[in-house]
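Participant: The structure that follows is given in the form of structure tokens.
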Amino acid sequence: MPDIAFWNKCNNKCVMCTNMASFSRQDSAQYRLKGQIGKLERYLRGQGPVYLKNADLAGFISLTGGEPTIHPDFFPLLAYFRRRLPRVPITLLSNGRRFADIKFAEKFCAAARPPFSVAIALHGPTAGAHDGVAGVRGSFSQTVAGLRNLFVLGPGLGVEIRLVLHKKSLPYFRRTLEFLLKTFPDTGRYRVTAIHYEIEGMSLENHRSYYKLFGAAELKPVGR
Ligand code: SF4
């Protein structure tokens with residue numbers, strides 16, 4: 001099953017975002033409820049190519065963005081994917097901020113029937129570290145509150161906490177793990193995945209700007 005771009009807007013501005021700025025400027029119509037249903041139905045009928053990434057991989061589906069949880073039709077669309085793919089494991093990639101709203105988190109946990117997991121990125125152990133990567137003041141407290149709500153409200157929900165490694169987050173790696181252990185000591189409720197940042201989209205742009213400023217070598221994305 002493919003990666004599906006659920007929504008093309010985001011409420012963060014992460015330095016290592018793999019989306020191009022042009023992605024969020026696209027007309028959102030194709031990502032609305034009707035457009036998404038049309039795409040999945042065409043995909044299921046084999047009338048491809050419909051999705052760009054991982055279309056040939058079987059057995060799971062990743063809902064990405066942008067930030068899926070700010071989709072205006074988030075819950076109807078989530079219910080549609082769950083109903084249409086009842087036994088397929090679904091992973092929702094999110095910055096976790098919307099789950100700080102307890103009513104939203106409650107509704108989500110009720111809709112995200114297993115097999116379902118959510119993967120949330122944490123960029124550091126403090127507001128200063130995290131918000132500096134996410135580009136939005138206050139995002140750290142919302143992401144941490146969102147995680148807490150999911151742990152309390154979604155006992156059957158799989159939770160992955162993603163640590164994306166790059167120049168800004170790596171110095172905090174150990175302290176981020178210590179923060180997680182202290183804040184969420186029940187480590188049976190989640191898994192932590194550390195991944196290298198992908199060099200494409202805004203991450204590549206920011207990488208180039210940084211090295212233009214500081215005079216280091218140009219970096220080219222793999223495969224270009
Ligand atoms: S990495 Fe994710 S949360 Fe961050 S700006 Fe990009 S889409 Fe938004």
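As shown in the structure tokens, the chain order sets the letters A, B, ...; within each chain, residues go from 1, and ligands are also counted from 1 in the order they appear.
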Quick one: residues within 8 Å of stretch 12-18 of chain A, only C-alpha atoms, excluding same-chain residues fewer than 3 positions away - as a PyMOL selection string?

Facilitator: chain A and resi 95+133-136+139+166+197-204+206

Participant: Write to file, as a PDB file, in the first residue's frame, the residues of the selection just made, with N, CA and C atoms.

Facilitator:
ATOM      1  N   ASN A  95       2.562  15.741  13.721  1.00  0.00           N
ATOM      2  CA  ASN A  95       3.385  16.452  14.705  1.00  0.00           C
ATOM      3  C   ASN A  95       2.736  16.398  16.094  1.00  0.00           C
ATOM      4  N   VAL A 133      13.357  23.715  16.062  1.00  0.00           N
ATOM      5  CA  VAL A 133      13.322  22.842  14.877  1.00  0.00           C
ATOM      6  C   VAL A 133      11.954  22.921  14.201  1.00  0.00           C
ATOM      7  N   ALA A 134      10.902  22.900  15.022  1.00  0.00           N
ATOM      8  CA  ALA A 134       9.530  22.898  14.469  1.00  0.00           C
ATOM      9  C   ALA A 134       9.132  24.253  13.904  1.00  0.00           C
ATOM     10  N   GLY A 135       9.828  25.310  14.336  1.00  0.00           N
ATOM     11  CA  GLY A 135       9.571  26.634  13.780  1.00  0.00           C
ATOM     12  C   GLY A 135       8.327  27.307  14.317  1.00  0.00           C
ATOM     13  N   VAL A 136       7.753  26.755  15.392  1.00  0.00           N
ATOM     14  CA  VAL A 136       6.531  27.345  15.976  1.00  0.00           C
ATOM     15  C   VAL A 136       6.657  27.346  17.500  1.00  0.00           C
ATOM     16  N   SER A 139       4.932  24.719  20.182  1.00  0.00           N
ATOM     17  CA  SER A 139       4.669  23.395  19.589  1.00  0.00           C
ATOM     18  C   SER A 139       5.128  22.263  20.519  1.00  0.00           C
ATOM     19  N   HIS A 166      19.590  15.353  12.975  1.00  0.00           N
ATOM     20  CA  HIS A 166      20.261  16.339  12.126  1.00  0.00           C
ATOM     21  C   HIS A 166      21.042  17.266  13.049  1.00  0.00           C
ATOM     22  N   TYR A 197      17.689  12.548   8.890  1.00  0.00           N
ATOM     23  CA  TYR A 197      16.786  13.389   8.098  1.00  0.00           C
ATOM     24  C   TYR A 197      16.970  13.108   6.617  1.00  0.00           C
ATOM     25  N   GLU A 198      15.874  13.239   5.871  1.00  0.00           N
ATOM     26  CA  GLU A 198      15.943  13.018   4.426  1.00  0.00           C
ATOM     27  C   GLU A 198      16.277  14.339   3.749  1.00  0.00           C
ATOM     28  N   ILE A 199      17.160  14.252   2.748  1.00  0.00           N
ATOM     29  CA  ILE A 199      17.666  15.487   2.137  1.00  0.00           C
ATOM     30  C   ILE A 199      16.890  15.759   0.852  1.00  0.00           C
ATOM     31  N   GLU A 200      15.727  16.325   1.058  1.00  0.00           N
ATOM     32  CA  GLU A 200      14.895  16.744  -0.073  1.00  0.00           C
ATOM     33  C   GLU A 200      13.920  17.802   0.424  1.00  0.00           C
ATOM     34  N   GLY A 201      13.284  18.474  -0.487  1.00  0.00           N
ATOM     35  CA  GLY A 201      12.306  19.485  -0.114  1.00  0.00           C
ATOM     36  C   GLY A 201      12.944  20.624   0.671  1.00  0.00           C
ATOM     37  N   MET A 202      12.242  21.101   1.717  1.00  0.00           N
ATOM     38  CA  MET A 202      12.744  22.229   2.505  1.00  0.00           C
ATOM     39  C   MET A 202      14.010  21.858   3.262  1.00  0.00           C
ATOM     40  N   SER A 203      14.156  20.585   3.584  1.00  0.00           N
ATOM     41  CA  SER A 203      15.379  20.161   4.264  1.00  0.00           C
ATOM     42  C   SER A 203      16.598  20.424   3.390  1.00  0.00           C
ATOM     43  N   LEU A 204      16.476  20.146   2.108  1.00  0.00           N
ATOM     44  CA  LEU A 204      17.587  20.418   1.181  1.00  0.00           C
ATOM     45  C   LEU A 204      17.804  21.929   1.036  1.00  0.00           C
ATOM     46  N   ASN A 206      17.084  24.282   3.201  1.00  0.00           N
ATOM     47  CA  ASN A 206      17.673  24.810   4.439  1.00  0.00           C
ATOM     48  C   ASN A 206      19.123  24.385   4.586  1.00  0.00           C
TER      49      ASN A 206
END

Participant: For A:Cys10, please output as JSON, numbers by chain all residues within 12 Å (counting only C-alpha atoms; exclusion window: fewer than 4 positions along the same chain).

Facilitator: {"A": [5, 6, 14, 17, 19, 20, 21, 23, 24, 25, 28, 64, 65, 66, 67, 68, 69, 70, 71, 93, 94, 95, 96, 97, 98, 134, 135, 136]}

Participant: Would you pick out the contacts of A:Asp73 at 12 Å or less, using only C-alpha atoms, so that residues sharing its chain but fewer than 2 positions from it are not included, and give the list as a compact mmCIF listing (two decimals) with C-alpha atoms, in the first residue's frame?

Facilitator:
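Output file part_31.txt follows:
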# COMPACT_ATOMS: atom_id res chain seq x y z
CA PHE A 6 -3.59 13.20 3.38
CA TRP A 7 -3.35 17.01 3.45
CA SER A 28 -6.04 21.69 -1.67
CA ALA A 29 -9.07 20.48 -3.63
CA TYR A 31 -6.83 16.41 -0.88
CA ARG A 32 -10.41 17.10 0.21
CA LEU A 33 -12.78 14.23 1.03
CA LYS A 34 -14.12 13.74 -2.50
CA GLY A 35 -10.68 13.87 -4.13
CA GLN A 36 -9.17 11.41 -1.64
CA ILE A 37 -12.03 8.95 -2.01
CA PRO A 68 -3.12 15.24 8.48
CA THR A 69 -4.87 16.29 11.70
CA ILE A 70 -5.60 19.82 10.41
CA HIS A 71 -7.49 18.45 7.40
CA PHE A 75 -12.60 12.46 10.86
CA PRO A 76 -14.82 11.56 7.88
CA LEU A 77 -11.73 10.77 5.84
CA LEU A 78 -10.16 8.73 8.62
CA ALA A 79 -13.41 6.76 8.99
CA TYR A 80 -13.47 6.18 5.23

Participant: Apply DSSP to the backbone of this structure and, from stretch 7-219 of chain A, keep only the residues in helix (DSSP H, G or I); write these as number ranges by chain.

Facilitator: A: 21-25, 28-31, 33-44, 68-70, 74-84, 97-100, 102-111, 127-134, 139-153, 170-183, 187-189, 202-214

Participant: For C-alpha atoms, I'd like the residues from the last selection saved as a short mmCIF file (atom, residue, chain, number, x, y, z; two decimals), in the first residue's frame.

Facilitator:
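Contents of out.cif, freshly written:
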data_model
loop_
_atom_site.label_atom_id
_atom_site.label_comp_id
_atom_site.auth_asym_id
_atom_site.auth_seq_id
_atom_site.Cartn_x
_atom_site.Cartn_y
_atom_site.Cartn_z
CA ALA A 21 7.19 25.01 -0.27
CA SER A 22 5.24 24.56 -3.53
CA PHE A 23 3.47 21.51 -2.04
CA SER A 24 1.64 23.60 0.56
CA ARG A 25 0.84 26.24 -2.08
CA SER A 28 -6.04 21.69 -1.67
CA ALA A 29 -9.07 20.48 -3.63
CA GLN A 30 -7.46 17.16 -4.60
CA TYR A 31 -6.83 16.41 -0.88
CA LEU A 33 -12.78 14.23 1.03
CA LYS A 34 -14.12 13.74 -2.50
CA GLY A 35 -10.68 13.87 -4.13
CA GLN A 36 -9.17 11.41 -1.64
CA ILE A 37 -12.03 8.95 -2.01
CA GLY A 38 -11.74 9.12 -5.78
CA LYS A 39 -8.00 8.41 -5.62
CA LEU A 40 -8.26 5.44 -3.27
CA GLU A 41 -11.11 3.90 -5.25
CA ARG A 42 -9.07 4.23 -8.47
CA TYR A 43 -6.08 2.72 -6.72
CA LEU A 44 -8.11 -0.23 -5.40
CA PRO A 68 -3.12 15.24 8.48
CA THR A 69 -4.87 16.29 11.70
CA ILE A 70 -5.60 19.82 10.41
CA PHE A 74 -10.12 14.71 9.08
CA PHE A 75 -12.60 12.46 10.86
CA PRO A 76 -14.82 11.56 7.88
CA LEU A 77 -11.73 10.77 5.84
CA LEU A 78 -10.16 8.73 8.62
CA ALA A 79 -13.41 6.76 8.99
CA TYR A 80 -13.47 6.18 5.23
CA PHE A 81 -9.91 4.81 5.11
CA ARG A 82 -10.58 2.58 8.12
CA ARG A 83 -13.83 1.26 6.64
CA ARG A 84 -12.38 0.72 3.17
CA ARG A 97 -0.12 19.09 18.29
CA ARG A 98 -3.85 18.65 17.65
CA PHE A 99 -4.00 15.80 20.16
CA ALA A 100 -3.36 18.35 22.93
CA ILE A 102 -8.57 16.37 24.72
CA LYS A 103 -11.87 16.23 22.80
CA PHE A 104 -10.04 15.89 19.51
CA ALA A 105 -7.80 13.17 20.99
CA GLU A 106 -10.82 11.31 22.34
CA LYS A 107 -12.56 11.37 18.99
CA PHE A 108 -9.39 10.25 17.24
CA CYS A 109 -8.80 7.32 19.60
CA ALA A 110 -12.37 6.15 19.01
CA ALA A 111 -11.98 6.38 15.22
CA ALA A 127 10.64 23.97 24.34
CA GLY A 128 13.74 25.82 23.18
CA ALA A 129 15.19 22.78 21.43
CA HIS A 130 11.96 21.44 19.94
CA ASP A 131 10.39 24.73 18.90
CA GLY A 132 13.63 25.81 17.25
CA VAL A 133 13.32 22.84 14.88
CA ALA A 134 9.53 22.90 14.47
CA SER A 139 4.67 23.39 19.59
CA PHE A 140 6.71 21.43 22.17
CA SER A 141 4.11 21.75 24.92
CA GLN A 142 1.32 20.80 22.49
CA THR A 143 3.20 17.79 21.10
CA VAL A 144 4.02 16.50 24.61
CA ALA A 145 0.44 17.11 25.80
CA GLY A 146 -0.80 15.34 22.67
CA LEU A 147 1.34 12.30 23.40
CA ARG A 148 0.11 12.23 26.98
CA ASN A 149 -3.53 12.33 25.86
CA LEU A 150 -3.00 9.50 23.38
CA PHE A 151 -1.39 7.32 26.04
CA VAL A 152 -4.30 7.90 28.40
CA LEU A 153 -7.14 7.76 25.89
CA LEU A 170 21.61 15.47 17.50
CA PRO A 171 23.23 17.40 20.39
CA TYR A 172 20.03 16.77 22.40
CA PHE A 173 19.69 13.08 21.54
CA ARG A 174 20.62 11.69 24.94
CA ARG A 175 18.64 14.32 26.85
CA THR A 176 15.61 13.69 24.64
CA LEU A 177 15.70 9.99 25.55
CA GLU A 178 16.07 10.90 29.24
CA PHE A 179 13.14 13.30 28.92
CA LEU A 180 10.98 10.56 27.40
CA LEU A 181 11.92 8.08 30.13
CA LYS A 182 11.07 10.60 32.82
CA THR A 183 7.89 11.94 31.23
CA THR A 187 8.02 2.33 27.82
CA GLY A 188 5.77 -0.60 26.90
CA ARG A 189 3.29 1.93 25.51
CA MET A 202 12.74 22.23 2.50
CA SER A 203 15.38 20.16 4.26
CA LEU A 204 17.59 20.42 1.18
CA GLU A 205 16.83 24.13 0.80
CA ASN A 206 17.67 24.81 4.44
CA HIS A 207 20.78 22.67 4.20
CA ARG A 208 21.97 24.68 1.20
CA SER A 209 21.21 28.02 2.87
CA TYR A 210 23.12 26.97 5.97
CA TYR A 211 26.21 25.90 4.04
CA LYS A 212 26.06 28.95 1.78
CA LEU A 213 26.26 31.05 4.92
CA PHE A 214 29.04 29.05 6.50
#

Participant: Go through stretch 26-90 of chain A and collect every residue that DSSP, computed from the backbone, puts in strand (DSSP E); the answer should be as JSON, numbers by chain.

Facilitator: {"A": [61, 62, 63, 64, 90]}

Participant: Point out the residue among A:Lys53, A:Arg87, A:Arg45, A:His123 with the least atom-to-atom distance to ligand 1, counting only C-alpha atoms and all ligand atoms.

Facilitator: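 Closest residue, counting only C-alpha atoms and all ligand atoms: A:His123.
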
Participant: What is the distance between atom CA of A:Pro2 and atom CA of A:Ile61, in Å to one decimal?

Facilitator: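 Result for atom CA of A:Pro2 versus atom CA of A:Ile61: 5.7 Å, one decimal.
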